[in-house]
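Below is the file final_24.cif, which contains mmCIF, C-alpha atoms.
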```cif
data_upload
#
loop_
_atom_site.label_atom_id
_atom_site.label_comp_id
_atom_site.auth_asym_id
_atom_site.auth_seq_id
_atom_site.Cartn_x
_atom_site.Cartn_y
_atom_site.Cartn_z
CA MET A 1 0.00 0.00 0.00
CA ALA A 2 2.80 2.40 0.93
CA LEU A 3 4.46 1.70 -2.43
CA HIS A 4 1.22 2.45 -4.28
CA ILE A 5 0.81 5.77 -2.47
CA THR A 6 4.42 6.69 -3.23
CA LEU A 7 3.92 5.94 -6.92
CA LEU A 8 0.71 7.98 -7.04
CA LEU A 9 2.36 10.96 -5.36
CA THR A 10 5.37 10.70 -7.68
CA CYS A 11 3.15 10.61 -10.76
CA ALA A 12 1.11 13.55 -9.50
CA PHE A 13 4.26 15.54 -8.80
CA PHE A 14 5.76 14.97 -12.24
CA SER A 15 2.48 15.61 -14.05
CA GLU A 16 2.27 18.98 -12.31
CA ALA A 17 5.95 19.69 -12.96
CA LEU A 18 5.61 18.90 -16.67
CA ALA A 19 2.41 20.92 -17.08
CA LEU A 20 2.81 24.48 -18.33
CA LYS A 21 0.24 27.26 -18.27
CA CYS A 22 0.04 29.19 -21.55
CA PHE A 23 -2.16 31.87 -23.01
CA GLY A 24 -4.85 30.47 -25.32
CA CYS A 25 -6.37 32.97 -27.75
CA SER A 26 -6.98 33.47 -31.45
CA GLY A 27 -7.37 36.79 -33.21
CA PRO A 28 -5.59 40.05 -33.93
CA SER A 29 -5.95 41.56 -30.44
CA GLY A 30 -2.85 41.68 -28.27
CA VAL A 31 -4.98 41.35 -25.11
CA CYS A 32 -5.46 37.76 -23.94
CA THR A 33 -6.74 36.53 -20.58
CA ASN A 34 -7.66 32.92 -21.44
CA THR A 35 -5.17 30.26 -20.39
CA VAL A 36 -4.65 26.58 -21.24
CA THR A 37 -2.55 23.85 -19.64
CA CYS A 38 0.10 22.51 -22.01
CA PRO A 39 2.41 19.50 -21.77
CA SER A 40 5.68 21.29 -22.50
CA ARG A 41 5.62 24.41 -24.70
CA CYS A 42 3.67 27.58 -25.30
CA GLY A 43 3.47 28.98 -28.80
CA SER A 44 2.14 31.70 -31.03
CA MET A 45 1.78 31.71 -34.81
CA THR A 46 0.81 34.41 -37.25
CA THR A 47 -0.39 33.58 -40.75
CA ASN A 48 -0.78 36.03 -43.61
CA ILE A 49 -2.30 35.50 -47.04
CA TYR A 50 -1.36 37.86 -49.87
CA SER A 51 -2.81 38.38 -53.32
CA TYR A 52 -0.62 40.22 -55.84
CA GLY A 53 1.43 41.64 -52.98
CA ARG A 54 -1.54 42.92 -50.97
CA LYS A 55 -2.38 41.32 -47.62
CA ILE A 56 -5.93 40.01 -47.79
CA ASP A 57 -6.11 37.94 -44.61
CA SER A 58 -4.20 37.69 -41.33
CA ASN A 59 -4.68 35.75 -38.14
CA SER A 60 -2.77 34.87 -35.00
CA THR A 61 -3.09 32.06 -32.50
CA ARG A 62 -1.62 31.55 -29.04
CA THR A 63 -1.84 28.16 -27.33
CA CYS A 64 0.19 24.95 -26.78
CA ALA A 65 2.81 23.97 -29.33
CA ASP A 66 4.60 20.75 -30.24
CA PRO A 67 8.31 21.23 -31.05
CA TYR A 68 7.89 20.34 -34.75
CA LEU A 69 5.36 23.18 -35.09
CA CYS A 70 7.91 25.80 -34.06
CA VAL A 71 8.69 26.73 -37.66
CA ASN A 72 8.28 29.48 -40.21
CA GLY A 73 8.11 29.55 -43.96
CA SER A 74 6.32 30.78 -47.06
CA MET A 75 4.70 29.54 -50.24
CA ASN A 76 4.53 31.77 -53.30
CA SER A 77 2.86 31.26 -56.68
CA GLY A 78 3.48 34.81 -57.84
CA GLN A 79 -0.19 35.73 -57.65
CA SER A 80 -0.78 34.30 -54.16
CA LYS A 81 1.49 33.96 -51.16
CA VAL A 82 1.09 32.44 -47.69
CA THR A 83 3.53 33.15 -44.86
CA PHE A 84 3.80 31.48 -41.45
CA ASN A 85 5.80 32.72 -38.50
CA SER A 86 5.82 30.97 -35.12
CA GLN A 87 7.49 31.55 -31.79
CA CYS A 88 7.73 28.87 -29.09
CA CYS A 89 8.86 29.04 -25.47
CA ASN A 90 8.80 26.88 -22.34
CA ALA A 91 8.18 29.30 -19.47
CA GLU A 92 4.93 30.02 -17.66
CA LEU A 93 2.66 32.28 -19.76
CA CYS A 94 5.59 33.12 -22.04
CA ASN A 95 3.43 33.46 -25.17
CA ILE A 96 2.08 36.79 -24.05
CA GLN A 97 2.44 38.36 -27.51
CA ASN A 98 1.34 37.35 -30.98
CA ALA A 99 4.14 36.27 -33.28
CA PRO A 100 5.01 39.07 -35.71
CA ASP A 101 4.44 38.81 -39.46
CA LEU A 102 7.16 36.91 -41.26
CA SER A 103 9.52 39.61 -42.49
CA GLN A 104 10.38 40.09 -46.16
CA GLN A 105 13.00 37.50 -47.04
CA PRO A 106 15.94 38.07 -49.44
CA LEU A 107 16.15 36.29 -52.79
CA ASN A 108 18.04 33.00 -52.45
CA GLY A 109 19.12 32.53 -56.08
CA LYS A 110 16.70 29.68 -56.79
CA GLN A 111 14.03 29.93 -59.51
CA CYS A 112 10.85 27.97 -60.15
CA PHE A 113 8.27 28.08 -62.92
CA THR A 114 5.08 30.03 -62.26
CA CYS A 115 1.81 30.25 -64.17
CA ASN A 116 -0.07 33.21 -65.59
CA ALA A 117 -3.43 31.87 -66.71
CA THR A 118 -2.46 28.92 -68.96
CA ASP A 119 1.09 30.13 -69.59
CA CYS A 120 3.42 28.28 -67.20
CA SER A 121 6.67 29.25 -68.90
CA LYS A 122 7.37 32.26 -66.66
CA THR A 123 9.91 32.03 -63.84
CA LEU A 124 9.68 33.19 -60.25
CA ALA A 125 12.60 34.16 -58.00
CA CYS A 126 12.43 32.31 -54.67
CA GLU A 127 12.93 33.96 -51.31
CA GLY A 128 14.39 32.96 -47.94
CA ASP A 129 14.08 29.22 -47.29
CA GLU A 130 11.88 28.55 -50.32
CA THR A 131 14.13 25.72 -51.48
CA GLN A 132 11.40 23.69 -53.21
CA CYS A 133 9.40 24.17 -56.39
CA PHE A 134 5.77 23.05 -56.48
CA ILE A 135 2.87 22.27 -58.79
CA THR A 136 -0.71 22.29 -57.57
CA THR A 137 -4.21 22.23 -59.04
CA VAL A 138 -6.84 24.80 -58.11
CA ASP A 139 -10.56 24.62 -58.81
CA ILE A 140 -11.67 28.06 -60.04
CA ASP A 141 -15.28 28.42 -61.17
CA GLY A 142 -15.45 24.71 -61.85
CA LYS A 143 -12.26 24.66 -63.92
CA LYS A 144 -8.99 22.99 -62.95
CA VAL A 145 -6.18 25.55 -63.05
CA THR A 146 -2.50 24.71 -62.60
CA ARG A 147 -0.37 26.81 -60.30
CA LYS A 148 3.39 26.63 -59.83
CA GLY A 149 5.89 28.47 -57.69
CA CYS A 150 8.34 28.42 -54.79
CA THR A 151 7.78 26.98 -51.32
CA SER A 152 9.56 26.28 -48.06
CA LYS A 153 10.16 22.61 -47.33
CA LEU A 154 7.73 23.08 -44.42
CA PHE A 155 4.84 22.55 -46.84
CA CYS A 156 6.30 19.46 -48.50
CA GLY A 157 5.47 16.47 -46.36
CA THR A 158 6.74 17.45 -42.90
CA ASN A 159 5.09 16.22 -39.70
CA ALA A 160 3.26 19.52 -39.34
CA THR A 161 1.54 19.38 -42.69
CA GLN A 162 0.92 15.64 -42.91
CA SER A 163 -0.47 15.05 -39.44
CA LEU A 164 -2.49 18.25 -39.19
CA GLY A 165 -3.83 18.49 -42.73
CA LEU A 166 -2.52 22.01 -43.33
CA GLN A 167 -4.70 24.08 -45.65
CA ALA A 168 -3.34 27.13 -47.40
CA GLY A 169 -5.54 27.96 -50.35
CA PHE A 170 -3.29 26.68 -53.13
CA GLY A 171 -5.51 23.84 -54.29
CA VAL A 172 -5.27 20.03 -54.14
CA TYR A 173 -2.63 17.38 -54.88
CA MET A 174 0.37 19.56 -54.32
CA LYS A 175 3.68 18.22 -55.64
CA CYS A 176 7.17 19.38 -54.61
CA CYS A 177 10.66 18.93 -56.02
CA GLU A 178 14.21 20.14 -55.47
CA GLY A 179 16.39 21.71 -58.11
CA ASN A 180 16.29 24.89 -60.14
CA LEU A 181 13.18 25.08 -62.38
CA CYS A 182 12.39 21.45 -61.53
CA ASN A 183 8.60 21.99 -61.63
CA ALA A 184 8.38 22.03 -65.42
CA ALA A 185 7.03 18.45 -65.54
CA GLN A 186 3.76 17.19 -64.13
CA SER A 187 5.15 13.84 -62.91
CA LEU A 188 6.44 15.00 -59.53
CA ARG A 189 6.03 13.16 -56.27
CA VAL A 190 2.75 13.95 -54.51
CA TYR A 191 3.56 14.89 -50.92
CA PHE A 192 0.15 15.66 -49.44
CA VAL A 193 -3.29 17.04 -50.22
CA MET A 194 -3.96 20.74 -49.69
CA LEU A 195 -7.62 21.64 -49.64
CA VAL A 196 -8.96 25.18 -50.18
CA LEU A 197 -8.66 28.83 -49.24
CA LEU A 198 -7.89 29.56 -45.55
CA VAL A 199 -5.59 28.12 -42.91
CA PRO A 200 -7.25 26.55 -39.84
CA LEU A 201 -4.91 28.31 -37.45
CA LEU A 202 -6.04 26.56 -34.30
CA SER A 203 -5.17 23.16 -35.76
CA LEU A 204 -1.53 24.17 -36.10
CA PHE A 205 -1.09 23.89 -32.34
CA VAL A 206 -2.14 21.14 -29.99
CA PHE A 207 -4.36 22.05 -27.06
#
```

This structure in structure tokens:
Amino acid sequence: MALHITLLLTCAFFSEALALKCFGCSGPSGVCTNTVTCPSRCGSMTTNIYSYGRKIDSNSTRTCADPYLCVNGSMNSGQSKVTFNSQCCNAELCNIQNAPDLSQQPLNGKQCFTCNATDCSKTLACEGDETQCFITTVDIDGKKVTRKGCTSKLFCGTNATQSLGLQAGFGVYMKCCEGNLCNAAQSLRVYFVMLVLLVPLLSLFVF
């Protein structure tokens, strides 16, 4: 009996020690009073969606975060662009602020094909850690439209995208490849399915 009590107290102690209180909010406001109990890390992530260089949607989330979600990156088709920026920490209520927008990244020397209507012979200069080229199919007014561009490896089959079903508005059956202008062909490896339009921000972190 004494051994059982000792084990129970030990488990209770370590469960409390490993638990971390974090802010839990979603939205643009910097004021957050809601809290959640997290296993190890607090996090915040800000997502922006751009169309022809103009920001058309932005959202931020603060809650628990798994280590593999503490990432940032971007995906750019020329016409549309999605950026993610996250910040993670492991102190009590350390995610007091929203993560800032991902800053403008310098050109990295890589190029990928991009599409303008049905013309996919144009090239796009990649930025920051956009080390992959991609091809995806978008359904616009009932028609299948091909889009190509540059993307961070984050969107090409990592734990974050595969296990959480990341959605970013670039269509379905996204395919990635490495190498300069490697997205000329259609026979690239399919990494995962991207659905439509907006990012479910809350699903990027684990409550």

Need to verify the contact set: Ser80 (chain A), 7 Å, all atoms listed in the file, exclusion of same-chain residues closer than 6 positions in sequence. Can you return it as a list of chain:residue names? A:Tyr50, A:Ser51, A:Tyr52

Got time to write the residues from that selection, C-alpha atoms, as a short mmCIF file (atom, residue, chain, number, x, y, z; two decimals), in the coordinates of the input?
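Saved to out17.cif:
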```cif
data_model
loop_
_atom_site.label_atom_id
_atom_site.label_comp_id
_atom_site.auth_asym_id
_atom_site.auth_seq_id
_atom_site.Cartn_x
_atom_site.Cartn_y
_atom_site.Cartn_z
CA TYR A 50 -1.36 37.86 -49.87
CA SER A 51 -2.81 38.38 -53.32
CA TYR A 52 -0.62 40.22 -55.84
#
```

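Neighbours of Arg147 (chain A) closer than or equal to 6 Å, with all atoms listed in the file counted and sequence neighbours fewer than 6 positions away skipped, come out as Cys115, Ile135 and Thr136 of chain A.
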
The PyMOL selection byres ((chain A and resi 89) around 12) - which residues does that actually catch in the file I just gave you? List them as a CSV table (one decimal) with C-alpha atoms, keeping the file's coordinate frame.
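For reference, selection31.csv as written:
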```csv
chain,number,residue,atom,x,y,z
A,20,LEU,CA,2.8,24.5,-18.3
A,21,LYS,CA,0.2,27.3,-18.3
A,22,CYS,CA,0.0,29.2,-21.6
A,23,PHE,CA,-2.2,31.9,-23.0
A,38,CYS,CA,0.1,22.5,-22.0
A,40,SER,CA,5.7,21.3,-22.5
A,41,ARG,CA,5.6,24.4,-24.7
A,42,CYS,CA,3.7,27.6,-25.3
A,43,GLY,CA,3.5,29.0,-28.8
A,44,SER,CA,2.1,31.7,-31.0
A,62,ARG,CA,-1.6,31.6,-29.0
A,63,THR,CA,-1.8,28.2,-27.3
A,64,CYS,CA,0.2,25.0,-26.8
A,65,ALA,CA,2.8,24.0,-29.3
A,66,ASP,CA,4.6,20.8,-30.2
A,67,PRO,CA,8.3,21.2,-31.0
A,69,LEU,CA,5.4,23.2,-35.1
A,70,CYS,CA,7.9,25.8,-34.1
A,86,SER,CA,5.8,31.0,-35.1
A,87,GLN,CA,7.5,31.6,-31.8
A,88,CYS,CA,7.7,28.9,-29.1
A,90,ASN,CA,8.8,26.9,-22.3
A,91,ALA,CA,8.2,29.3,-19.5
A,92,GLU,CA,4.9,30.0,-17.7
A,93,LEU,CA,2.7,32.3,-19.8
A,94,CYS,CA,5.6,33.1,-22.0
A,95,ASN,CA,3.4,33.5,-25.2
A,96,ILE,CA,2.1,36.8,-24.0
A,97,GLN,CA,2.4,38.4,-27.5
A,99,ALA,CA,4.1,36.3,-33.3
```

Which of these residues is nearest to Asn85 (chain A), using all atoms listed in the file: A:Leu154, A:Leu181, A:Cys126, A:Cys176? A:Leu154

What gap, in Å, lies between CA of Leu102 (chain A) and CA of Thr83 (chain A)?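 A separation of 6.3 Å between them.
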
Among A:Ile140, A:Val71, A:Ala184, A:Met174, Cys120 (chain A) is approached most closely, using all atoms listed in the file, by A:Ala184

Report the residues retrieved by the PyMOL selection byres ((chain A and resi 178) around 7) from the displayed file, expressed as a PyMOL selection string. chain A and resi 131-133+177+179-180+182

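Compared by their closest atoms to Ser152 (chain A), and using only C-alpha atoms, the residues A:Gln105, A:Thr137, A:Thr37, A:Thr118 rank with A:Gln105 nearest.
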
Interatomic distance, CA of Leu124 (chain A) to CA of Cys156 (chain A) (Å, one decimal):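 A separation of 18.4 Å between them.
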
For a test of reading the model, state the distance in Å between CA of Val36 (chain A) and CA of Pro100 (chain A), rounded to one decimal.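 These atoms are spaced 21.4 Å apart.
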
How would you write as a VMD selection string the residues that get within 7 Å of (-3.9, 37.7, -39.8) in the file's frame, counting all atoms listed in the file? chain A and resid 28 46 to 48 57 to 60

Show me, as a PyMOL selection string, the residues that have an atom within 9 Å of Met75 (chain A) when counting only C-alpha atoms, minus same-chain residues fewer than 4 positions from it. chain A and resi 80-83+130+149-152+155+168+170

(-6.1, 35.4, -63.7) in this file's frame - what residues fall within 9 Å of it? Use only C-alpha atoms and give the answer as an mmCIF file with C-alpha atoms, in the frame of the given file.
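File produced: part-v7.cif:
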```cif
data_model
loop_
_atom_site.group_PDB
_atom_site.id
_atom_site.type_symbol
_atom_site.label_atom_id
_atom_site.label_comp_id
_atom_site.auth_asym_id
_atom_site.auth_seq_id
_atom_site.Cartn_x
_atom_site.Cartn_y
_atom_site.Cartn_z
ATOM 1 C CA GLN A 79 -0.190 35.730 -57.650
ATOM 2 C CA ASN A 116 -0.070 33.210 -65.590
ATOM 3 C CA ALA A 117 -3.430 31.870 -66.710
#
```

What do you get, as a PDB file with C-alpha atoms, in the coordinates of the input, if you spell out every residue that the PyMOL selection byres ((chain A and resi 128) around 7) selects here?
```pdb
ATOM      1  CA  GLN A 105      13.000  37.500 -47.040  1.00  0.00           C
ATOM      2  CA  PRO A 106      15.940  38.070 -49.440  1.00  0.00           C
ATOM      3  CA  LEU A 107      16.150  36.290 -52.790  1.00  0.00           C
ATOM      4  CA  ASN A 108      18.040  33.000 -52.450  1.00  0.00           C
ATOM      5  CA  GLU A 127      12.930  33.960 -51.310  1.00  0.00           C
ATOM      6  CA  ASP A 129      14.080  29.220 -47.290  1.00  0.00           C
ATOM      7  CA  GLU A 130      11.880  28.550 -50.320  1.00  0.00           C
TER       8      GLU A 130
END
```

Counting all atoms listed in the file, the option among A:Thr114, A:Met45, A:Asn98, A:Phe134 closest to Cys32 (chain A):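 Closest to Cys32 (chain A) of all the choices is A:Asn98.
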
Could you give me the axis-aligned bounding box of region 101-108 of chain A, with 3 Å of padding per side, as centre plus edge lengths in Å to one decimal, as lines of an AutoDock Vina configuration file?
```
center_x = 11.2
center_y = 36.5
center_z = -46.1
size_x = 19.6
size_y = 13.1
size_z = 19.3
```
